[in-house]
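query_0.pdb (PDB, C-alpha atoms)
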```pdb
ATOM      1  CA  MET A1355      62.026  11.793  80.576
ATOM      2  CA  LEU A1356      58.780  12.890  78.917
ATOM      3  CA  THR A1357      58.125  11.578  75.427
ATOM      4  CA  GLN A1358      55.880  13.332  72.957
ATOM      5  CA  GLU A1359      52.640  11.441  72.408
ATOM      6  CA  GLN A1360      52.302  10.188  68.854
ATOM      7  CA  PRO A1361      49.123  11.258  67.028
ATOM      8  CA  GLN A1362      46.589   8.468  66.553
ATOM      9  CA  PRO A1363      46.138   7.316  62.948
ATOM     10  CA  GLU A1364      42.894   8.374  61.297
ATOM     11  CA  PRO A1365      40.191   5.671  61.340
ATOM     12  CA  TYR A1366      39.876   3.951  57.958
ATOM     13  CA  TRP A1367      36.175   4.775  57.647
ATOM     14  CA  LEU A1368      36.921   8.461  58.168
ATOM     15  CA  THR A1369      39.528   8.368  55.401
ATOM     16  CA  ILE A1370      36.884   6.871  53.082
ATOM     17  CA  LEU A1371      34.466   9.647  54.064
ATOM     18  CA  ARG A1372      37.136  12.227  53.218
ATOM     19  CA  LEU A1373      37.663  10.517  49.853
ATOM     20  CA  LEU A1374      33.926  10.887  49.185
ATOM     21  CA  ARG A1375      34.140  14.517  50.471
ATOM     22  CA  TRP A1376      31.279  13.846  52.863
ATOM     23  CA  ASP A1377      33.276  15.787  55.448
ATOM     24  CA  LYS A1378      32.718  18.893  53.268
ATOM     25  CA  PRO A1379      28.962  19.124  52.702
ATOM     26  CA  ALA A1380      29.054  22.425  50.781
ATOM     27  CA  GLY A1381      30.312  20.723  47.632
ATOM     28  CA  ARG A1382      27.615  18.036  47.861
ATOM     29  CA  LEU A1383      24.811  20.506  48.508
ATOM     30  CA  ILE A1384      25.782  22.789  45.650
ATOM     31  CA  LEU A1385      25.165  19.962  43.154
ATOM     32  CA  MET A1386      21.914  18.993  44.855
ATOM     33  CA  ILE A1387      20.523  22.528  44.588
ATOM     34  CA  PRO A1388      20.017  22.719  40.766
ATOM     35  CA  ALA A1389      18.500  19.236  40.866
ATOM     36  CA  LEU A1390      16.001  20.424  43.474
ATOM     37  CA  TRP A1391      15.350  23.622  41.524
ATOM     38  CA  ALA A1392      14.378  21.497  38.538
ATOM     39  CA  VAL A1393      12.218  18.920  40.312
ATOM     40  CA  PHE A1394      10.189  21.567  42.174
ATOM     41  CA  LEU A1395       9.761  23.866  39.178
ATOM     42  CA  ALA A1396       8.843  21.026  36.824
ATOM     43  CA  ALA A1397       6.181  19.897  39.317
ATOM     44  CA  ARG A1398       5.062  23.509  39.877
ATOM     45  CA  GLY A1399       6.056  23.348  43.526
ATOM     46  CA  GLY A1400       4.668  19.949  44.515
ATOM     47  CA  PRO A1401       6.767  16.981  43.328
ATOM     48  CA  PRO A1402       6.160  13.455  44.712
ATOM     49  CA  LEU A1403       8.187  13.038  47.904
ATOM     50  CA  PRO A1404       9.697   9.651  46.862
ATOM     51  CA  LEU A1405      11.056  11.314  43.722
ATOM     52  CA  VAL A1406      12.561  14.132  45.795
ATOM     53  CA  GLY A1407      14.257  11.487  47.954
ATOM     54  CA  VAL A1408      15.689   9.751  44.876
ATOM     55  CA  ILE A1409      16.970  13.083  43.524
ATOM     56  CA  ILE A1410      18.633  13.949  46.846
ATOM     57  CA  LEU A1411      20.266  10.530  47.258
ATOM     58  CA  GLY A1412      21.249  10.431  43.601
ATOM     59  CA  SER A1413      22.965  13.818  43.730
ATOM     60  CA  VAL A1414      24.841  12.837  46.908
ATOM     61  CA  VAL A1415      26.221   9.553  45.539
ATOM     62  CA  THR A1416      26.895  10.976  42.068
ATOM     63  CA  SER A1417      28.861  13.936  43.418
ATOM     64  CA  ALA A1418      30.764  11.576  45.718
ATOM     65  CA  ALA A1419      31.627   9.330  42.778
ATOM     66  CA  GLY A1420      32.739  12.381  40.807
ATOM     67  CA  CYS A1421      35.045  13.427  43.643
ATOM     68  CA  VAL A1422      36.691  10.000  43.767
ATOM     69  CA  ILE A1423      37.114   9.912  39.980
ATOM     70  CA  ASN A1424      38.610  13.415  40.112
ATOM     71  CA  ASP A1425      41.087  12.323  42.802
ATOM     72  CA  LEU A1426      42.073   9.235  40.793
ATOM     73  CA  TRP A1427      42.875  11.417  37.791
ATOM     74  CA  ASP A1428      44.732  13.975  39.924
ATOM     75  CA  ARG A1429      46.514  11.700  42.416
ATOM     76  CA  ASN A1430      49.918  12.879  41.124
ATOM     77  CA  ILE A1431      48.874  16.535  40.715
ATOM     78  CA  ASP A1432      47.093  17.089  44.030
ATOM     79  CA  PRO A1433      50.277  16.666  46.142
ATOM     80  CA  GLN A1434      51.679  19.773  44.414
ATOM     81  CA  VAL A1435      48.693  21.995  45.341
ATOM     82  CA  ALA A1436      48.440  23.332  48.890
ATOM     83  CA  ARG A1437      44.645  22.975  49.042
ATOM     84  CA  THR A1438      44.593  19.335  47.871
ATOM     85  CA  ARG A1439      47.808  17.713  49.066
ATOM     86  CA  ASP A1440      46.116  16.057  52.072
ATOM     87  CA  ARG A1441      43.438  14.278  50.057
ATOM     88  CA  PRO A1442      43.517  10.511  50.730
ATOM     89  CA  LEU A1443      44.774   9.440  47.297
ATOM     90  CA  ALA A1444      47.203  12.339  47.017
ATOM     91  CA  SER A1445      48.712  11.610  50.432
ATOM     92  CA  ARG A1446      48.705   7.851  49.686
ATOM     93  CA  ALA A1447      46.512   7.217  52.732
ATOM     94  CA  LEU A1448      44.426   5.090  50.365
ATOM     95  CA  SER A1449      45.531   3.036  47.372
ATOM     96  CA  ILE A1450      44.398   3.437  43.770
ATOM     97  CA  GLN A1451      42.625   0.074  44.028
ATOM     98  CA  VAL A1452      40.545   1.294  46.990
ATOM     99  CA  GLY A1453      39.702   4.483  45.106
ATOM    100  CA  ILE A1454      38.488   2.512  42.069
ATOM    101  CA  VAL A1455      36.342   0.219  44.243
ATOM    102  CA  VAL A1456      34.783   3.172  46.092
ATOM    103  CA  ALA A1457      34.042   4.955  42.790
ATOM    104  CA  LEU A1458      32.416   1.813  41.353
ATOM    105  CA  VAL A1459      30.286   1.327  44.470
ATOM    106  CA  ALA A1460      29.125   4.963  44.377
ATOM    107  CA  MET A1461      28.313   4.773  40.644
ATOM    108  CA  SER A1462      26.477   1.490  41.193
ATOM    109  CA  CYS A1463      24.346   3.120  43.894
ATOM    110  CA  ALA A1464      23.543   5.951  41.497
ATOM    111  CA  GLY A1465      22.655   3.391  38.833
ATOM    112  CA  VAL A1466      20.231   1.588  41.144
ATOM    113  CA  LEU A1467      18.531   4.894  41.977
ATOM    114  CA  ALA A1468      18.299   5.717  38.268
ATOM    115  CA  LEU A1469      16.203   2.572  37.734
ATOM    116  CA  TYR A1470      13.415   4.335  39.643
ATOM    117  CA  LEU A1471      13.220   6.980  36.899
ATOM    118  CA  ASN A1472      11.429   6.875  33.541
ATOM    119  CA  PRO A1473      13.343   5.513  30.496
ATOM    120  CA  PHE A1474      14.092   8.943  28.989
ATOM    121  CA  THR A1475      15.536  10.202  32.265
ATOM    122  CA  PHE A1476      17.478   6.962  32.770
ATOM    123  CA  TRP A1477      19.264   7.461  29.463
ATOM    124  CA  LEU A1478      20.032  11.065  30.382
ATOM    125  CA  CYS A1479      21.759   9.641  33.473
ATOM    126  CA  VAL A1480      23.768   7.339  31.210
ATOM    127  CA  ALA A1481      24.691  10.281  28.954
ATOM    128  CA  ALA A1482      26.048  12.168  31.972
ATOM    129  CA  ILE A1483      28.552   9.431  32.849
ATOM    130  CA  PRO A1484      31.236  10.326  30.233
ATOM    131  CA  VAL A1485      31.120  13.982  31.308
ATOM    132  CA  ILE A1486      31.587  12.982  34.969
ATOM    133  CA  VAL A1487      34.392  10.518  34.172
ATOM    134  CA  PHE A1488      36.379  12.717  31.798
ATOM    135  CA  TYR A1489      35.831  16.143  33.384
ATOM    136  CA  PRO A1490      38.997  15.882  35.529
ATOM    137  CA  SER A1491      41.113  15.410  32.391
ATOM    138  CA  ALA A1492      39.771  18.645  30.888
ATOM    139  CA  LYS A1493      42.197  20.785  32.876
ATOM    140  CA  ARG A1494      45.049  19.163  30.962
ATOM    141  CA  VAL A1495      43.802  20.046  27.466
ATOM    142  CA  PHE A1496      41.003  22.643  27.679
ATOM    143  CA  PRO A1497      41.581  26.276  28.706
ATOM    144  CA  VAL A1498      38.277  26.599  30.638
ATOM    145  CA  PRO A1499      37.729  23.219  32.353
ATOM    146  CA  GLN A1500      35.132  24.812  34.624
ATOM    147  CA  LEU A1501      32.835  24.883  31.576
ATOM    148  CA  VAL A1502      32.988  21.082  31.410
ATOM    149  CA  LEU A1503      32.072  20.917  35.096
ATOM    150  CA  SER A1504      29.210  23.338  34.431
ATOM    151  CA  LEU A1505      27.860  21.039  31.719
ATOM    152  CA  ALA A1506      28.027  18.156  34.179
ATOM    153  CA  TRP A1507      26.071  20.290  36.685
ATOM    154  CA  GLY A1508      23.576  21.071  33.917
ATOM    155  CA  PHE A1509      22.692  17.380  33.665
ATOM    156  CA  ALA A1510      21.255  17.653  37.194
ATOM    157  CA  VAL A1511      18.615  20.018  35.775
ATOM    158  CA  LEU A1512      17.832  17.893  32.713
ATOM    159  CA  ILE A1513      17.604  14.673  34.727
ATOM    160  CA  SER A1514      15.440  16.094  37.499
ATOM    161  CA  TRP A1515      13.099  18.021  35.204
ATOM    162  CA  SER A1516      12.484  15.061  32.909
ATOM    163  CA  ALA A1517      11.989  12.801  35.935
ATOM    164  CA  VAL A1518       8.793  14.790  36.566
ATOM    165  CA  THR A1519       7.595  15.512  33.015
ATOM    166  CA  THR A1520       9.206  12.598  31.046
ATOM    167  CA  ASN A1521      10.499  15.217  28.558
ATOM    168  CA  LEU A1522      12.317  18.542  28.312
ATOM    169  CA  GLU A1523      10.388  21.770  27.779
ATOM    170  CA  PRO A1524      11.708  25.061  26.339
ATOM    171  CA  VAL A1525      11.692  26.602  29.825
ATOM    172  CA  THR A1526      13.941  23.755  31.015
ATOM    173  CA  TRP A1527      16.791  25.263  29.021
ATOM    174  CA  LEU A1528      16.449  28.581  30.827
ATOM    175  CA  LEU A1529      17.057  26.776  34.125
ATOM    176  CA  TRP A1530      19.860  24.787  32.483
ATOM    177  CA  GLY A1531      21.475  28.032  31.283
ATOM    178  CA  ALA A1532      21.162  29.579  34.737
ATOM    179  CA  THR A1533      22.803  26.512  36.272
ATOM    180  CA  VAL A1534      25.684  26.473  33.788
ATOM    181  CA  MET A1535      26.362  30.202  34.301
ATOM    182  CA  TRP A1536      26.075  29.938  38.100
ATOM    183  CA  THR A1537      28.464  26.974  38.170
ATOM    184  CA  LEU A1538      30.953  28.814  35.970
ATOM    185  CA  GLY A1539      30.808  31.700  38.426
ATOM    186  CA  PHE A1540      31.262  29.906  41.735
ATOM    187  CA  ASP A1541      33.745  27.336  40.390
ATOM    188  CA  THR A1542      35.904  30.076  38.887
ATOM    189  CA  VAL A1543      35.987  31.672  42.343
ATOM    190  CA  TYR A1544      36.919  28.249  43.771
ATOM    191  CA  ALA A1545      39.840  28.051  41.307
ATOM    192  CA  MET A1546      41.215  31.514  42.053
ATOM    193  CA  PRO A1547      43.371  30.640  45.101
ATOM    194  CA  ASP A1548      45.005  27.768  43.159
ATOM    195  CA  ARG A1549      46.236  29.923  40.273
ATOM    196  CA  GLU A1550      49.888  29.979  41.299
ATOM    197  CA  ASP A1551      50.044  26.213  41.869
ATOM    198  CA  ASP A1552      48.110  25.450  38.667
ATOM    199  CA  GLN A1553      50.455  27.617  36.617
ATOM    200  CA  LYS A1554      53.490  25.908  38.124
ATOM    201  CA  ILE A1555      52.082  22.442  37.396
ATOM    202  CA  GLY A1556      50.907  23.366  33.911
ATOM    203  CA  VAL A1557      47.161  22.692  34.230
ATOM    204  CA  GLN A1558      44.381  24.955  32.994
ATOM    205  CA  SER A1559      41.618  26.805  34.849
ATOM    206  CA  SER A1560      39.145  29.571  34.093
ATOM    207  CA  ALA A1561      40.870  31.684  36.756
ATOM    208  CA  LEU A1562      44.096  31.480  34.720
ATOM    209  CA  PHE A1563      42.325  31.893  31.375
ATOM    210  CA  PHE A1564      40.642  35.163  32.362
ATOM    211  CA  GLY A1565      43.672  36.448  34.261
ATOM    212  CA  ASP A1566      43.195  39.975  35.601
ATOM    213  CA  TYR A1567      39.659  39.966  34.202
ATOM    214  CA  THR A1568      38.574  37.023  36.360
ATOM    215  CA  PRO A1569      36.440  39.130  38.774
ATOM    216  CA  SER A1570      34.678  40.698  35.770
ATOM    217  CA  ALA A1571      34.106  37.250  34.241
ATOM    218  CA  VAL A1572      32.590  36.020  37.505
ATOM    219  CA  GLY A1573      30.354  39.095  37.596
ATOM    220  CA  ILE A1574      29.179  38.396  34.035
ATOM    221  CA  PHE A1575      28.454  34.755  34.897
ATOM    222  CA  PHE A1576      26.370  35.747  37.921
ATOM    223  CA  ALA A1577      24.570  38.417  35.879
ATOM    224  CA  GLY A1578      23.806  35.773  33.249
ATOM    225  CA  THR A1579      22.430  33.498  35.973
ATOM    226  CA  ALA A1580      20.138  36.228  37.241
ATOM    227  CA  SER A1581      18.977  37.051  33.686
ATOM    228  CA  CYS A1582      18.127  33.424  32.880
ATOM    229  CA  LEU A1583      16.253  33.058  36.154
ATOM    230  CA  ALA A1584      14.345  36.304  35.572
ATOM    231  CA  ARG A1585      13.272  35.133  32.128
ATOM    232  CA  LEU A1586      12.259  31.773  33.625
ATOM    233  CA  GLY A1587      10.169  33.553  36.248
ATOM    234  CA  ILE A1588       8.345  35.494  33.557
ATOM    235  CA  VAL A1589       7.715  32.456  31.334
ATOM    236  CA  MET A1590       6.489  30.317  34.251
ATOM    237  CA  GLN A1591       4.530  33.225  35.764
ATOM    238  CA  LEU A1592       6.127  32.718  39.160
ATOM    239  CA  GLN A1593       4.740  34.842  41.963
ATOM    240  CA  LEU A1594       6.186  37.349  44.434
ATOM    241  CA  GLY A1595       8.159  34.853  46.559
ATOM    242  CA  PHE A1596      10.375  34.005  43.593
ATOM    243  CA  TRP A1597      11.126  37.632  42.786
ATOM    244  CA  ILE A1598      12.041  38.410  46.387
ATOM    245  CA  ALA A1599      14.457  35.455  46.412
ATOM    246  CA  LEU A1600      15.978  36.496  43.072
ATOM    247  CA  ALA A1601      16.457  40.055  44.362
ATOM    248  CA  ILE A1602      18.264  38.741  47.462
ATOM    249  CA  ALA A1603      20.444  36.430  45.345
ATOM    250  CA  SER A1604      21.293  39.199  42.881
ATOM    251  CA  ALA A1605      22.260  41.578  45.682
ATOM    252  CA  LEU A1606      24.562  38.942  47.197
ATOM    253  CA  TRP A1607      26.175  38.248  43.814
ATOM    254  CA  VAL A1608      26.844  41.963  43.377
ATOM    255  CA  TRP A1609      28.420  42.040  46.847
ATOM    256  CA  GLN A1610      30.594  39.024  45.989
ATOM    257  CA  TYR A1611      31.691  40.696  42.751
ATOM    258  CA  ILE A1612      32.688  43.830  44.685
ATOM    259  CA  ARG A1613      34.709  41.718  47.142
ATOM    260  CA  LEU A1614      36.525  39.966  44.291
ATOM    261  CA  ARG A1615      37.561  43.317  42.835
ATOM    262  CA  GLN A1616      39.450  44.301  45.971
ATOM    263  CA  PRO A1617      43.224  44.593  45.362
ATOM    264  CA  GLU A1618      44.223  42.340  48.267
ATOM    265  CA  ILE A1619      41.962  39.367  48.976
ATOM    266  CA  PRO A1620      42.753  37.020  51.905
ATOM    267  CA  GLN A1621      42.753  33.381  50.794
ATOM    268  CA  PRO A1622      39.777  32.357  53.020
ATOM    269  CA  VAL A1623      37.501  34.815  51.177
ATOM    270  CA  TYR A1624      37.351  32.572  48.094
ATOM    271  CA  GLY A1625      36.079  29.664  50.178
ATOM    272  CA  GLU A1626      33.590  31.938  51.907
ATOM    273  CA  ILE A1627      32.155  33.092  48.585
ATOM    274  CA  PHE A1628      31.873  29.482  47.396
ATOM    275  CA  ARG A1629      29.996  28.468  50.564
ATOM    276  CA  GLN A1630      27.784  31.565  50.395
ATOM    277  CA  ASN A1631      26.548  30.327  47.027
ATOM    278  CA  VAL A1632      25.150  27.255  48.766
ATOM    279  CA  GLY A1633      23.008  29.574  50.885
ATOM    280  CA  ILE A1634      22.059  31.596  47.807
ATOM    281  CA  GLY A1635      20.975  28.398  46.073
ATOM    282  CA  PHE A1636      18.667  27.463  48.930
ATOM    283  CA  VAL A1637      17.210  30.992  49.056
ATOM    284  CA  LEU A1638      16.376  30.630  45.370
ATOM    285  CA  LEU A1639      14.912  27.161  45.970
ATOM    286  CA  ALA A1640      12.604  28.533  48.655
ATOM    287  CA  GLY A1641      11.615  31.359  46.322
ATOM    288  CA  MET A1642      10.896  28.938  43.461
ATOM    289  CA  ILE A1643       8.661  26.787  45.662
ATOM    290  CA  ALA A1644       6.824  29.816  47.040
ATOM    291  CA  GLY A1645       6.579  31.427  43.604
ATOM    292  CA  ALA A1646       5.113  28.264  42.074
ATOM    293  CA  LEU A1647       2.643  27.506  44.856
ATOM    294  CA  PHE A1648       1.359  30.918  45.914
TER     295      PHE A1648
END
```
Show me the file's structure as structure tokens.
Amino acid sequence: MLTQEQPQPEPYWLTILRLLRWDKPAGRLILMIPALWAVFLAARGGPPLPLVGVIILGSVVTSAAGCVINDLWDRNIDPQVARTRDRPLASRALSIQVGIVVALVAMSCAGVLALYLNPFTFWLCVAAIPVIVFYPSAKRVFPVPQLVLSLAWGFAVLISWSAVTTNLEPVTWLLWGATVMWTLGFDTVYAMPDREDDQKIGVQSSALFFGDYTPSAVGIFFAGTASCLARLGIVMQLQLGFWIALAIASALWVWQYIRLRQPEIPQPVYGEIFRQNVGIGFVLLAGMIAGALF
């Protein structure tokens, strides 16, 4: 008599990687992008390579730590949401104690990298910690928790820019504003397929807050991003490469807005739009480098 072969348990190291979300690079890259925008623009296209390496590694370990902290907060909520029920802490594949240790290790790595930076930038890193730690609780008390995440993303700009210049310039805030608006846009899209589950559980999201106007809100956020970037390009006197990249990005955001306004949207489309913003971010990065150098 044939017996059905039992599936092999997942290797422990792979479960840890899933906890850190390193199996889903889009979410790691989309935090790295504003940090790279800032370091290249602040250095007018030519930052020191060791600093770029620190920024890249720092964004990877910080976003990983944020994911673990988020999963610790949401370990009893995630099992009730289709998209998140298989996460290691939600499925109890890993214990709370393991999650805490992994988060502390990731934050410690980020702290060591921060020692490479100047004192002003180091203290900006310290100031970002409460936002990272308490962001996951925002969905329980604040109607637009994606704004808190956007402010956390904004620290990537402030930290990276000041790592080059040792201070913050007026133009820095234009890039910060673009990053906050962009994050509000793509993270609202990310929240849209979870609306039914979030409403059932009783947690907040921008997709619930804006309701039927969510596609319009996303369109406004992307338009605000483009406006801030256009103003930045004028102030910094960036050249043609930047404007070509901004035109491409703006056209793609318009296309995404049109897709979101369709009456029936298949669930995978939301994830596609989120991942497309990673590509848009890199197009803009290339344009910023070209616009600053040539």
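Among the candidate residues A:Gln1451, A:Ile1409, A:Ile1619, A:Met1386, the one lying nearest to Ser1516 (chain A) is A:Ile1409, with distances computed using all atoms listed in the file.
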Produce the centre coordinates and the three edge lengths, each in Å to one decimal, of the box along x, y and z that contains all listed atoms of region 1516-1519 of chain A with 6 Å added on each side, as JSON.
```
{"center_x": 10.0, "center_y": 14.2, "center_z": 34.7, "size_x": 16.9, "size_y": 14.7, "size_z": 15.7}
```
* Asked: Could you name the residues that touch Val1637 (chain A) at 9 Å or less, counting all atoms listed in the file, but leaving out those on the same chain fewer than 2 positions away, as a ChimeraX atom specification?
  -> /A:1599-1600,1602-1603,1632-1635,1639-1642
* **Among listed residues A:Phe1564, A:Phe1576, A:Phe1628, A:Trp1477, nearest Phe1509 (chain A) (using only C-alpha atoms)** =>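 Comparing A:Phe1564, A:Phe1576, A:Phe1628, A:Trp1477 against Phe1509 (chain A), the winner is A:Trp1477.
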* To do: Go through the shown structure with the PyMOL selection byres ((chain A and resi 1536) around 9) and write out the matching residues as an NGL selection string.
  => :A and (1504 or 1531-1535 or 1537-1541 or 1572 or 1575-1580 or 1631)
* Taking the file above as input, evaluate the PyMOL selection byres ((chain A and resi 1523) around 12) and report the hits as a ChimeraX atom specification. => /A:1392,1395-1396,1511-1512,1515-1516,1518-1522,1524-1530,1586,1589-1590
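If you look at CA of Asp1548 (chain A) and CA of Ile1612 (chain A), they are 20.3 Å away from each other.
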* To do: Name the residues captured by the PyMOL selection byres ((chain A and resi 1447) around 10) when it is applied to the shown file; answer as number ranges by chain.
  => A: 1364, 1366, 1369-1370, 1373, 1440-1446, 1448-1450
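Within the 6 Å cut-off around region 1490-1500 of chain A, using all atoms listed in the file and omitting residues fewer than 4 positions from it on the same chain, the listed residues are Asn1424, Leu1538, Val1557, Gln1558, Ser1559 and Ser1560 of chain A.
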* To do: Quote the spacing between CA of Tyr1624 (chain A) and CA of Gly1508 (chain A) in Å to one decimal place.
  =>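 Rounded to one decimal, the two atoms are 22.9 Å apart.
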* To do: Pick out the closest residue to Lys1378 (chain A) from this set: A:Leu1471, A:Ala1418, A:Leu1390, A:Leu1405. Count all atoms listed in the file.
  => A:Ala1418
